[in-house]
$ cat target.cif   # mmCIF, C-alpha atoms
data_run
#
loop_
_atom_site.label_atom_id
_atom_site.label_comp_id
_atom_site.auth_asym_id
_atom_site.auth_seq_id
_atom_site.Cartn_x
_atom_site.Cartn_y
_atom_site.Cartn_z
CA MET N 1 120.06 86.26 66.74
CA ALA N 2 119.57 89.96 66.08
CA GLN N 3 119.68 90.94 69.74
CA ASN N 4 123.25 89.83 70.27
CA GLN N 5 125.61 89.16 67.40
CA SER N 6 128.48 87.97 69.62
CA ASN N 7 126.61 84.87 70.81
CA SER N 8 127.83 85.50 74.36
CA MET N 9 126.18 87.08 77.36
CA LYS N 10 127.04 88.55 80.73
CA CYS N 11 125.90 86.61 83.77
CA VAL N 12 126.48 86.22 87.51
CA GLU N 13 128.35 83.07 88.53
CA ILE N 14 128.85 81.54 91.95
CA SER N 15 132.66 81.25 91.90
CA GLU N 16 132.64 78.99 94.96
CA PRO N 17 130.24 78.40 97.87
CA GLY N 18 130.38 81.23 100.36
CA GLU N 19 129.48 84.79 101.24
CA PRO N 20 127.91 87.30 98.80
CA SER N 21 131.38 88.26 97.52
CA VAL N 22 131.58 84.92 95.65
CA LEU N 23 129.05 86.25 93.12
CA LYS N 24 131.10 87.31 90.07
CA ILE N 25 130.27 88.79 86.67
CA ALA N 26 131.25 86.35 83.91
CA SER N 27 130.69 85.72 80.21
CA ARG N 28 129.03 82.60 78.85
CA PRO N 29 127.50 81.41 75.57
CA ILE N 30 123.84 82.31 75.10
CA PRO N 31 121.71 79.19 75.75
CA GLN N 32 120.32 77.43 72.69
CA VAL N 33 116.57 76.88 72.42
CA THR N 34 115.27 73.32 72.52
CA THR N 35 111.84 71.84 71.91
CA ASN N 36 109.10 73.63 73.90
CA THR N 37 111.47 76.24 75.34
CA VAL N 38 111.81 79.98 74.84
CA LEU N 39 114.88 82.19 75.10
CA VAL N 40 114.12 85.32 77.11
CA LYS N 41 116.23 88.45 76.83
CA VAL N 42 116.23 89.24 80.53
CA LEU N 43 115.46 92.81 81.57
CA ALA N 44 115.10 92.11 85.30
CA ALA N 45 115.47 89.14 87.65
CA GLY N 46 114.05 88.62 91.12
CA ILE N 47 116.19 87.68 94.12
CA ASN N 48 114.89 84.83 96.28
CA TYR N 49 116.10 83.03 99.39
CA PRO N 50 116.80 79.79 97.46
CA ASP N 51 119.40 81.83 95.52
CA VAL N 52 121.11 82.57 98.82
CA LEU N 53 121.06 78.88 99.76
CA GLN N 54 122.48 77.93 96.36
CA ARG N 55 125.26 80.50 96.76
CA LYS N 56 126.15 78.93 100.10
CA GLY N 57 126.26 75.46 98.55
CA LEU N 58 123.11 74.32 100.40
CA TYR N 59 120.69 74.03 97.47
CA ASN N 60 121.95 72.29 94.36
CA PRO N 61 120.15 72.88 91.03
CA PRO N 62 118.10 69.91 89.83
CA PRO N 63 119.54 67.78 87.00
CA GLY N 64 119.59 69.63 83.69
CA ALA N 65 119.11 73.09 85.20
CA SER N 66 121.62 75.91 84.81
CA ASP N 67 124.14 76.27 87.62
CA LEU N 68 123.64 80.04 87.50
CA PRO N 69 121.38 81.44 90.23
CA GLY N 70 118.06 83.09 89.48
CA LEU N 71 114.58 81.56 89.58
CA GLU N 72 112.42 84.33 88.10
CA VAL N 73 112.84 86.79 85.25
CA ALA N 74 110.97 89.31 83.13
CA GLY N 75 111.87 90.36 79.64
CA GLU N 76 111.31 89.90 75.93
CA ILE N 77 111.19 86.62 74.04
CA ALA N 78 114.21 86.55 71.74
CA GLU N 79 113.73 83.09 70.21
CA VAL N 80 111.24 80.22 70.40
CA GLY N 81 111.95 76.51 70.09
CA GLU N 82 110.10 73.94 68.09
CA GLY N 83 106.64 73.18 69.47
CA VAL N 84 106.13 76.54 71.17
CA THR N 85 102.63 77.83 70.43
CA ALA N 86 101.68 80.26 73.20
CA PHE N 87 104.40 82.87 72.61
CA LYS N 88 106.26 84.52 69.76
CA VAL N 89 109.41 86.59 69.38
CA GLY N 90 108.90 90.05 70.85
CA ASP N 91 106.33 89.07 73.48
CA MET N 92 106.91 90.52 76.94
CA VAL N 93 106.81 87.80 79.58
CA CYS N 94 107.63 87.00 83.16
CA ALA N 95 108.67 83.48 83.95
CA LEU N 96 109.56 80.94 86.58
CA ALA N 97 113.07 79.90 85.59
CA PRO N 98 114.60 76.49 86.34
CA GLY N 99 117.80 78.43 87.07
CA GLY N 100 120.00 80.86 85.17
CA GLY N 101 118.00 84.03 85.79
CA TYR N 102 121.01 86.17 86.74
CA ALA N 103 122.00 86.60 83.11
CA GLU N 104 121.24 88.61 80.00
CA TYR N 105 119.48 85.61 78.45
CA CYS N 106 117.64 82.72 80.09
CA LEU N 107 116.20 79.50 78.65
CA ILE N 108 112.76 78.63 80.04
CA PRO N 109 110.09 75.98 79.36
CA GLU N 110 107.12 77.53 77.57
CA GLU N 111 104.77 76.26 80.27
CA GLN N 112 106.52 78.35 82.95
CA CYS N 113 106.04 81.66 81.16
CA LEU N 114 103.21 84.12 81.60
CA PRO N 115 102.43 87.32 79.72
CA SER N 116 103.70 90.30 81.70
CA PRO N 117 100.63 91.89 83.31
CA LYS N 118 99.56 95.06 81.51
CA GLY N 119 100.83 98.22 83.15
CA LEU N 120 103.74 96.62 85.00
CA SER N 121 107.39 97.45 84.33
CA PRO N 122 109.91 94.63 83.79
CA VAL N 123 111.23 95.21 87.32
CA GLU N 124 107.73 94.82 88.77
CA ALA N 125 106.98 91.80 86.59
CA ALA N 126 110.24 90.12 87.66
CA ALA N 127 109.05 90.31 91.27
CA LEU N 128 106.06 88.05 90.54
CA PRO N 129 106.78 84.48 89.40
CA GLU N 130 108.62 82.73 92.24
CA THR N 131 106.49 84.09 95.07
CA PHE N 132 103.17 84.00 93.19
CA PHE N 133 103.72 80.40 92.01
CA THR N 134 104.81 79.39 95.53
CA VAL N 135 101.94 81.09 97.33
CA TRP N 136 99.28 79.81 94.94
CA PHE N 137 100.54 76.22 95.01
CA ASN N 138 100.96 76.02 98.77
CA LEU N 139 97.91 77.95 99.94
CA PHE N 140 95.30 77.16 97.34
CA VAL N 141 96.39 73.76 95.99
CA LEU N 142 98.10 71.99 98.92
CA GLY N 143 96.39 74.07 101.60
CA ASN N 144 92.89 74.15 100.07
CA LEU N 145 92.44 77.67 101.44
CA HIS N 146 89.23 79.37 100.36
CA LYS N 147 86.95 82.33 100.94
CA GLY N 148 85.73 82.74 104.50
CA GLN N 149 88.69 80.93 106.06
CA SER N 150 91.60 82.37 108.04
CA LEU N 151 95.36 82.35 107.49
CA LEU N 152 98.46 83.07 109.58
CA ILE N 153 101.52 84.14 107.56
CA HIS N 154 104.91 84.27 109.25
CA GLY N 155 107.36 86.80 107.80
CA GLY N 156 104.68 89.10 106.46
CA THR N 157 107.11 91.55 104.86
CA SER N 158 109.12 88.96 102.93
CA GLY N 159 108.46 88.49 99.24
CA ILE N 160 106.32 85.45 100.08
CA GLY N 161 104.56 87.35 102.86
CA THR N 162 103.67 90.48 100.89
CA THR N 163 102.34 88.27 98.09
CA ALA N 164 100.37 85.94 100.36
CA ILE N 165 98.74 88.81 102.26
CA GLN N 166 97.45 90.42 99.08
CA ILE N 167 96.29 87.28 97.29
CA ALA N 168 94.54 85.85 100.36
CA LYS N 169 92.85 89.13 101.27
CA ASN N 170 91.59 89.65 97.70
CA LEU N 171 90.13 86.13 97.71
CA GLY N 172 88.13 86.70 100.87
CA VAL N 173 90.42 85.22 103.52
CA LYS N 174 90.97 86.75 106.98
CA VAL N 175 94.72 87.38 107.25
CA PHE N 176 96.89 87.29 110.37
CA THR N 177 100.62 87.90 110.00
CA THR N 178 103.76 88.24 112.09
CA ALA N 179 106.67 90.62 111.57
CA GLY N 180 109.66 91.76 113.62
CA THR N 181 109.06 95.52 113.99
CA ASP N 182 106.12 97.89 114.35
CA LYS N 183 107.10 99.45 111.01
CA LYS N 184 106.88 96.06 109.31
CA CYS N 185 103.54 95.35 111.02
CA ASN N 186 102.19 98.64 109.65
CA ALA N 187 103.41 97.63 106.17
CA CYS N 188 101.51 94.34 106.51
CA ARG N 189 98.33 96.19 107.45
CA SER N 190 98.73 98.54 104.49
CA LEU N 191 98.78 95.48 102.20
CA GLY N 192 95.56 94.14 103.69
CA ALA N 193 96.46 92.12 106.79
CA ASP N 194 93.59 92.17 109.29
CA VAL N 195 95.89 91.55 112.27
CA ALA N 196 99.66 92.14 112.31
CA ILE N 197 101.59 90.82 115.31
CA ASN N 198 105.07 91.96 116.39
CA TYR N 199 106.58 88.59 117.31
CA ARG N 200 109.35 90.26 119.33
CA SER N 201 106.93 91.85 121.79
CA GLN N 202 103.67 89.90 121.40
CA ASP N 203 102.56 86.27 121.73
CA PHE N 204 100.99 85.34 118.41
CA VAL N 205 99.43 82.14 119.82
CA GLN N 206 97.55 84.11 122.45
CA ILE N 207 96.50 86.88 120.09
CA ILE N 208 95.13 84.39 117.55
CA ALA N 209 93.24 82.60 120.31
CA ASP N 210 91.76 85.91 121.45
CA GLU N 211 90.91 87.09 117.94
CA THR N 212 89.26 83.80 116.93
CA SER N 213 87.46 83.12 120.24
CA GLY N 214 89.75 80.15 120.80
CA LYS N 215 89.02 78.54 117.43
CA GLY N 216 92.40 79.14 115.75
CA VAL N 217 93.22 79.70 112.09
CA ASP N 218 92.56 77.34 109.19
CA VAL N 219 96.02 77.56 107.62
CA VAL N 220 99.50 78.56 108.82
CA LEU N 221 102.16 79.43 106.21
CA ASP N 222 105.51 79.04 107.94
CA MET N 223 109.13 79.64 106.98
CA VAL N 224 110.56 79.53 110.51
CA GLY N 225 110.23 75.99 111.84
CA GLY N 226 112.20 75.35 115.04
CA ASP N 227 110.25 76.32 118.15
CA TYR N 228 107.48 77.75 115.96
CA MET N 229 106.34 74.20 115.12
CA GLN N 230 104.54 73.72 118.44
CA LYS N 231 103.17 77.27 118.38
CA ASN N 232 101.85 76.77 114.86
CA ILE N 233 100.12 73.53 115.82
CA ASP N 234 98.61 75.24 118.86
CA SER N 235 97.35 78.11 116.64
CA LEU N 236 95.47 75.87 114.19
CA ALA N 237 91.74 75.27 114.16
CA GLN N 238 90.00 71.93 113.72
CA GLN N 239 91.08 70.40 110.39
CA GLY N 240 93.75 73.09 110.10
CA ARG N 241 96.74 72.86 107.77
CA LEU N 242 100.35 73.74 108.59
CA ILE N 243 102.38 74.42 105.45
CA SER N 244 106.16 74.65 105.81
CA LEU N 245 108.18 76.46 103.15
CA TRP N 246 111.52 76.54 104.95
CA PHE N 247 113.11 76.26 108.41
CA LEU N 248 114.97 79.49 109.16
CA GLY N 249 114.80 78.62 112.86
CA GLY N 250 115.95 75.04 112.34
CA SER N 251 114.43 71.86 110.95
CA LYS N 252 114.38 70.02 114.28
CA ALA N 253 112.03 70.60 117.21
CA GLU N 254 110.51 68.82 120.17
CA VAL N 255 106.77 68.73 119.48
CA ASP N 256 103.69 67.41 121.26
CA PHE N 257 101.76 65.84 118.38
CA LYS N 258 98.63 65.11 120.42
CA PRO N 259 96.82 68.17 118.98
CA VAL N 260 97.44 66.78 115.47
CA LEU N 261 95.14 63.88 116.38
CA ILE N 262 92.66 65.82 118.47
CA LYS N 263 92.22 68.60 115.89
CA ASN N 264 92.63 66.38 112.79
CA LEU N 265 95.47 68.53 111.48
CA THR N 266 97.47 68.24 108.26
CA LEU N 267 101.21 69.01 108.26
CA THR N 268 102.70 69.45 104.81
CA GLY N 269 105.27 71.37 102.83
CA SER N 270 106.88 71.64 99.44
CA THR N 271 109.64 73.08 97.32
CA LEU N 272 108.59 74.49 93.98
CA ARG N 273 111.70 73.91 91.87
CA PRO N 274 111.48 70.08 91.62
CA GLN N 275 107.75 70.06 90.81
CA PRO N 276 106.99 68.56 87.38
CA ILE N 277 106.33 70.92 84.49
CA SER N 278 102.71 69.74 84.39
CA VAL N 279 102.18 71.11 87.91
CA LYS N 280 103.85 74.42 87.06
CA LYS N 281 101.73 74.69 83.89
CA LYS N 282 98.54 74.33 85.96
CA ILE N 283 99.75 76.93 88.46
CA ALA N 284 100.55 79.35 85.60
CA SER N 285 97.09 78.80 84.14
CA ASP N 286 95.41 79.42 87.50
CA LEU N 287 97.44 82.58 88.08
CA GLN N 288 96.63 83.99 84.65
CA GLU N 289 92.92 83.33 85.17
CA ARG N 290 92.49 84.30 88.83
CA ILE N 291 95.32 86.66 89.80
CA TRP N 292 96.59 88.46 86.68
CA PRO N 293 93.33 90.49 86.39
CA LEU N 294 93.84 91.64 90.01
CA LEU N 295 97.35 92.81 89.10
CA GLU N 296 96.15 94.64 86.01
CA ASN N 297 93.39 96.47 87.88
CA LYS N 298 95.84 97.31 90.73
CA ASN N 299 93.99 95.37 93.46
CA ILE N 300 97.28 93.50 93.93
CA LYS N 301 100.68 95.09 93.38
CA PRO N 302 104.21 93.72 93.43
CA VAL N 303 106.10 95.21 96.36
CA VAL N 304 109.63 96.08 95.18
CA TYR N 305 111.93 97.25 97.96
CA LYS N 306 115.15 97.91 96.05
CA VAL N 307 116.64 97.42 92.58
CA PHE N 308 120.33 96.65 91.99
CA PRO N 309 122.27 96.47 88.72
CA MET N 310 123.46 92.98 87.83
CA ARG N 311 127.05 93.85 88.76
CA GLU N 312 125.87 94.44 92.36
CA ALA N 313 124.27 91.03 92.88
CA ASP N 314 126.48 90.65 95.96
CA LYS N 315 124.89 93.74 97.54
CA ALA N 316 121.44 92.38 96.71
CA HIS N 317 122.25 89.14 98.54
CA THR N 318 123.65 91.05 101.52
CA LEU N 319 120.38 92.95 101.78
CA MET N 320 118.36 89.75 101.42
CA GLU N 321 120.23 88.17 104.34
CA SER N 322 119.83 91.28 106.52
CA SER N 323 116.02 90.85 106.54
CA GLN N 324 115.65 94.62 106.48
CA HIS N 325 113.67 94.64 103.25
CA ILE N 326 109.90 94.88 102.88
CA GLY N 327 108.94 93.03 99.71
CA LYS N 328 111.14 92.00 96.81
CA ILE N 329 114.73 92.72 95.77
CA VAL N 330 115.32 92.81 92.02
CA LEU N 331 118.32 92.89 89.65
CA SER N 332 118.06 95.12 86.61
CA MET N 333 120.00 93.99 83.56
CA SER N 334 119.66 97.34 81.80
CA GLU N 335 121.69 99.34 84.36
#
$ encode --input "target.cif" --output "C-alpha cells"
Amino acid sequence: MAQNQSNSMKCVEISEPGEPSVLKIASRPIPQVTTNTVLVKVLAAGINYPDVLQRKGLYNPPPGASDLPGLEVAGEIAEVGEGVTAFKVGDMVCALAPGGGYAEYCLIPEEQCLPSPKGLSPVEAAALPETFFTVWFNLFVLGNLHKGQSLLIHGGTSGIGTTAIQIAKNLGVKVFTTAGTDKKCNACRSLGADVAINYRSQDFVQIIADETSGKGVDVVLDMVGGDYMQKNIDSLAQQGRLISLWFLGGSKAEVDFKPVLIKNLTLTGSTLRPQPISVKKKIASDLQERIWPLLENKNIKPVVYKVFPMREADKAHTLMESSQHIGKIVLSMSE
C-alpha cells in the first residue's frame, strides 16, 4: 500500500470503560480489505453520542465490527476488495462505518459509502453520514413523513437536530423544534425551523396546540424519553408517529396510553448500527438521489461546531457531553 509502508496506523482506543480520559492514542495494523469492502484513508471522523455510550461500556459493537469507536468518516479510498464496483482507489468518499472511524484507516462495506458531495471539505463530509442516514431512515422510511406534514424535533441543535431541520424543511415539512437556550432557538430558526421553543421557559405541548389549532404534529422525533413520552403523545395529531432515537431522560415513564387508541398513533424507534447492509444500501441510494443535490447546491449544509485533532478525542467527548455545541463535532486526522 503506497499510502503507508509501515502497515500500521494510529488510532484512538478505549483503554477501559469510563470518562473521556480513557480514550488513548494507540498503534494497530491497518485493516485488510475483504470481499465488497473498501479501505478508506480517513481524513476526518464525526463524533456521535453512540461513541460516548461505547466509551462508557453501554453500547457494545455488533459482532464482527471493530472495537474502536467512530461511526462516520470521510477520506480517500486507499484499496478496494474483490467485488467492489462503485468505487476505485483515489475516490473521495464519506461513509457510515460499522466502527473503527477514530483511526487513520477504516474498513467499510462498499454499500455504506457515498461520494463526498462536491464542494465540501473532508471535515464537512465527515459530519454527514451518521446523522443523515439516521434522519432519513427514521423520518422518511419508518415515519413516512412527507410534504405538507408537520414535525417536532427535540434537541434541535444536536447533530441529529440540525440535520433533521434542514432536510425536513427542504422537503416541504413544517418544522417545530425544542432547544435549551434562546441562542440555540435562534440557531434552529436560522436553519429553517418554523417554530423554535425554549423548553426551559416554554411549554412545547401548549405551543404546538396553539400553533396547529389543536391538531398536533404528524411526527415527533425524540431523543429524551422519560417524562417527554406523555408530552410527545399529547402533541401528536391523528395517525401521528412518535419515533424514539434514545432516552436521555430515562427509558421508563408512567404513560396514559389512551390517546394512542383514540388518535390511532404509532410508537416506534430504531438504532441504525444493527440494520442489515441491504437497508443501509437503500438509505445511501435515497440520500444520493434526494439529498446530495441539496448539499451540492448549498440548500442544506453540514453544521460543524468544532474540529479537534485525533489526539484530543477526549476533549471532543467532553464537549459532546456538555451539550454546549450547535451541530457536529469532528476529529481531523491531518492535524
$ closest_residue --input "target.cif" --among "N:Val195, N:Leu23, N:Ala284, N:Val304" --to "Thr163 of chain N" --atoms "all atoms listed in the file"
N:Val304
$ residues_around --input "target.cif" --residues "segment 40-44 of chain N" --least-positions-apart "4" --cutoff "6 Å" --atoms "only C-alpha atoms" --output "PyMOL selection string"
chain N and resi 73-78+104-106+122-123+126+331-333
$ residues_around --input "target.cif" --residues "segment 234-240 of chain N" --least-positions-apart "4" --cutoff "9 Å" --atoms "all atoms listed in the file" --output "PDB file with C-alpha atoms, keeping the file's coordinate frame"
ATOM      1  CA  GLY N 143      96.390  74.070 101.600  1.00  0.00           C
ATOM      2  CA  LEU N 152      98.460  83.070 109.580  1.00  0.00           C
ATOM      3  CA  PHE N 204     100.990  85.340 118.410  1.00  0.00           C
ATOM      4  CA  VAL N 205      99.430  82.140 119.820  1.00  0.00           C
ATOM      5  CA  GLN N 206      97.550  84.110 122.450  1.00  0.00           C
ATOM      6  CA  ILE N 208      95.130  84.390 117.550  1.00  0.00           C
ATOM      7  CA  ALA N 209      93.240  82.600 120.310  1.00  0.00           C
ATOM      8  CA  GLY N 214      89.750  80.150 120.800  1.00  0.00           C
ATOM      9  CA  LYS N 215      89.020  78.540 117.430  1.00  0.00           C
ATOM     10  CA  GLY N 216      92.400  79.140 115.750  1.00  0.00           C
ATOM     11  CA  VAL N 217      93.220  79.700 112.090  1.00  0.00           C
ATOM     12  CA  ASP N 218      92.560  77.340 109.190  1.00  0.00           C
ATOM     13  CA  VAL N 219      96.020  77.560 107.620  1.00  0.00           C
ATOM     14  CA  VAL N 220      99.500  78.560 108.820  1.00  0.00           C
ATOM     15  CA  MET N 229     106.340  74.200 115.120  1.00  0.00           C
ATOM     16  CA  GLN N 230     104.540  73.720 118.440  1.00  0.00           C
ATOM     17  CA  PRO N 259      96.820  68.170 118.980  1.00  0.00           C
ATOM     18  CA  VAL N 260      97.440  66.780 115.470  1.00  0.00           C
ATOM     19  CA  ILE N 262      92.660  65.820 118.470  1.00  0.00           C
ATOM     20  CA  LYS N 263      92.220  68.600 115.890  1.00  0.00           C
ATOM     21  CA  ASN N 264      92.630  66.380 112.790  1.00  0.00           C
ATOM     22  CA  LEU N 265      95.470  68.530 111.480  1.00  0.00           C
ATOM     23  CA  THR N 266      97.470  68.240 108.260  1.00  0.00           C
ATOM     24  CA  LEU N 267     101.210  69.010 108.260  1.00  0.00           C
TER      25      LEU N 267
END
$ residues_around --input "target.cif" --residues "Leu68 of chain N" --least-positions-apart "4" --cutoff "9 Å" --atoms "all atoms listed in the file" --output "PyMOL selection string"
chain N and resi 11-14+61+99-103
$ write_last_selection --input "target.cif" --atoms "C-alpha atoms" --output "mmCIF file, in the coordinates of the input"
data_model
loop_
_atom_site.group_PDB
_atom_site.id
_atom_site.type_symbol
_atom_site.label_atom_id
_atom_site.label_comp_id
_atom_site.auth_asym_id
_atom_site.auth_seq_id
_atom_site.Cartn_x
_atom_site.Cartn_y
_atom_site.Cartn_z
ATOM 1 C CA CYS N 11 125.900 86.610 83.770
ATOM 2 C CA VAL N 12 126.480 86.220 87.510
ATOM 3 C CA GLU N 13 128.350 83.070 88.530
ATOM 4 C CA ILE N 14 128.850 81.540 91.950
ATOM 5 C CA PRO N 61 120.150 72.880 91.030
ATOM 6 C CA GLY N 99 117.800 78.430 87.070
ATOM 7 C CA GLY N 100 120.000 80.860 85.170
ATOM 8 C CA GLY N 101 118.000 84.030 85.790
ATOM 9 C CA TYR N 102 121.010 86.170 86.740
ATOM 10 C CA ALA N 103 122.000 86.600 83.110
#
$ atom_distance --input "target.cif" --atom1 "atom CA of Ala65 of chain N" --atom2 "atom CA of Thr35 of chain N"
15.2 Å
$ resolve_selection --input "target.cif" --expression "the PyMOL selection byres ((chain N and resi 30) around 6)" --output "ChimeraX atom specification"
/N:7-9,29,31
$ resolve_selection --input "target.cif" --expression "the PyMOL selection byres ((chain N and resi 271) around 12)" --output "list of chain:residue names"
N:Pro50, N:Tyr59, N:Pro62, N:Glu130, N:Thr131, N:Phe133, N:Thr134, N:Val135, N:Phe137, N:Asn138, N:Leu142, N:Met223, N:Ile243, N:Ser244, N:Leu245, N:Trp246, N:Thr268, N:Gly269, N:Ser270, N:Leu272, N:Arg273, N:Pro274, N:Gln275, N:Pro276, N:Lys280
$ atom_distance --input "target.cif" --atom1 "atom CA of Ile25 of chain N" --atom2 "atom CA of Pro302 of chain N"
27.4 Å
$ resolve_selection --input "target.cif" --expression "the PyMOL selection byres ((chain N and resi 250) around 10)" --output "list in words"
Met223, Val224, Gly225, Gly226, Asp227, Tyr228, Trp246, Phe247, Leu248, Gly249, Ser251, Lys252 and Ala253 of chain N
$ residues_around --input "target.cif" --residues "Thr318 of chain N" --least-positions-apart "6" --cutoff "12 Å" --atoms "all atoms listed in the file" --output "PyMOL selection string"
chain N and resi 18-23+47-49+51-52+55+308+312+324-325+329
$ atom_distance --input "target.cif" --atom1 "atom CA of Lys281 of chain N" --atom2 "atom CA of Glu111 of chain N"
5.0 Å
$ closest_residue --input "target.cif" --among "N:Ser158, N:Phe140, N:Ala95, N:Asp194" --to "Glu321 of chain N" --atoms "only C-alpha atoms"
N:Ser158
$ closest_residue --input "target.cif" --among "N:Thr162, N:Ser334, N:Ser201, N:Ser190" --to "Leu128 of chain N" --atoms "only C-alpha atoms"
N:Thr162
$ closest_residue --input "target.cif" --among "N:Asn60, N:Thr181, N:Ser6, N:Asn299" --to "Ile165 of chain N" --atoms "only C-alpha atoms"
N:Asn299
$ closest_residue --input "target.cif" --among "N:Val303, N:Leu242, N:Ile108, N:Leu319" --to "Ser66 of chain N" --atoms "all atoms listed in the file"
N:Ile108
$ closest_residue --input "target.cif" --among "N:Cys188, N:Cys113, N:Met320, N:Ile283" --to "Leu39 of chain N" --atoms "only C-alpha atoms"
N:Cys113
$ axis_aligned_box --input "target.cif" --around "segment 99-110 of chain N" --padding-each-side "5 Å" --output "JSON"
{"center_x": 114.6, "center_y": 82.3, "center_z": 82.3, "size_x": 24.9, "size_y": 22.6, "size_z": 19.5}
$ decode --input "target.cif" --residues "segment 127-143 of chain N" --atoms "N, CA and C atoms" --output "short mmCIF file (atom, residue, chain, number, x, y, z; two decimals), in the first residue's frame"
data_model
loop_
_atom_site.label_atom_id
_atom_site.label_comp_id
_atom_site.auth_asym_id
_atom_site.auth_seq_id
_atom_site.Cartn_x
_atom_site.Cartn_y
_atom_site.Cartn_z
N ALA N 127 -19.17 15.02 8.69
CA ALA N 127 -20.29 15.37 9.56
C ALA N 127 -21.63 14.86 9.02
N LEU N 128 -21.62 14.19 7.87
CA LEU N 128 -22.87 13.80 7.22
C LEU N 128 -23.40 12.42 7.57
N PRO N 129 -22.62 11.33 7.40
CA PRO N 129 -23.24 10.01 7.27
C PRO N 129 -24.13 9.56 8.43
N GLU N 130 -23.65 9.60 9.65
CA GLU N 130 -24.42 9.04 10.76
C GLU N 130 -25.75 9.77 10.94
N THR N 131 -25.72 11.09 10.95
CA THR N 131 -26.97 11.82 11.18
C THR N 131 -27.87 11.77 9.95
N PHE N 132 -27.31 11.87 8.75
CA PHE N 132 -28.15 11.86 7.55
C PHE N 132 -28.79 10.49 7.34
N PHE N 133 -28.04 9.41 7.54
CA PHE N 133 -28.62 8.07 7.46
C PHE N 133 -29.72 7.92 8.51
N THR N 134 -29.45 8.34 9.75
CA THR N 134 -30.40 8.19 10.85
C THR N 134 -31.68 8.97 10.59
N VAL N 135 -31.52 10.23 10.20
CA VAL N 135 -32.69 11.08 9.98
C VAL N 135 -33.53 10.55 8.81
N TRP N 136 -32.88 10.19 7.72
CA TRP N 136 -33.63 9.71 6.56
C TRP N 136 -34.40 8.43 6.91
N PHE N 137 -33.73 7.49 7.55
CA PHE N 137 -34.36 6.21 7.86
C PHE N 137 -35.54 6.40 8.80
N ASN N 138 -35.35 7.19 9.85
CA ASN N 138 -36.39 7.31 10.86
C ASN N 138 -37.55 8.20 10.43
N LEU N 139 -37.26 9.31 9.78
CA LEU N 139 -38.33 10.22 9.40
C LEU N 139 -39.06 9.80 8.13
N PHE N 140 -38.30 9.38 7.13
CA PHE N 140 -38.91 9.19 5.82
C PHE N 140 -39.16 7.73 5.45
N VAL N 141 -38.54 6.80 6.17
CA VAL N 141 -38.83 5.38 5.96
C VAL N 141 -39.77 4.90 7.06
N LEU N 142 -39.30 4.87 8.31
CA LEU N 142 -40.16 4.45 9.41
C LEU N 142 -41.32 5.42 9.65
N GLY N 143 -41.03 6.72 9.58
CA GLY N 143 -42.02 7.73 9.94
C GLY N 143 -42.94 8.15 8.82
#
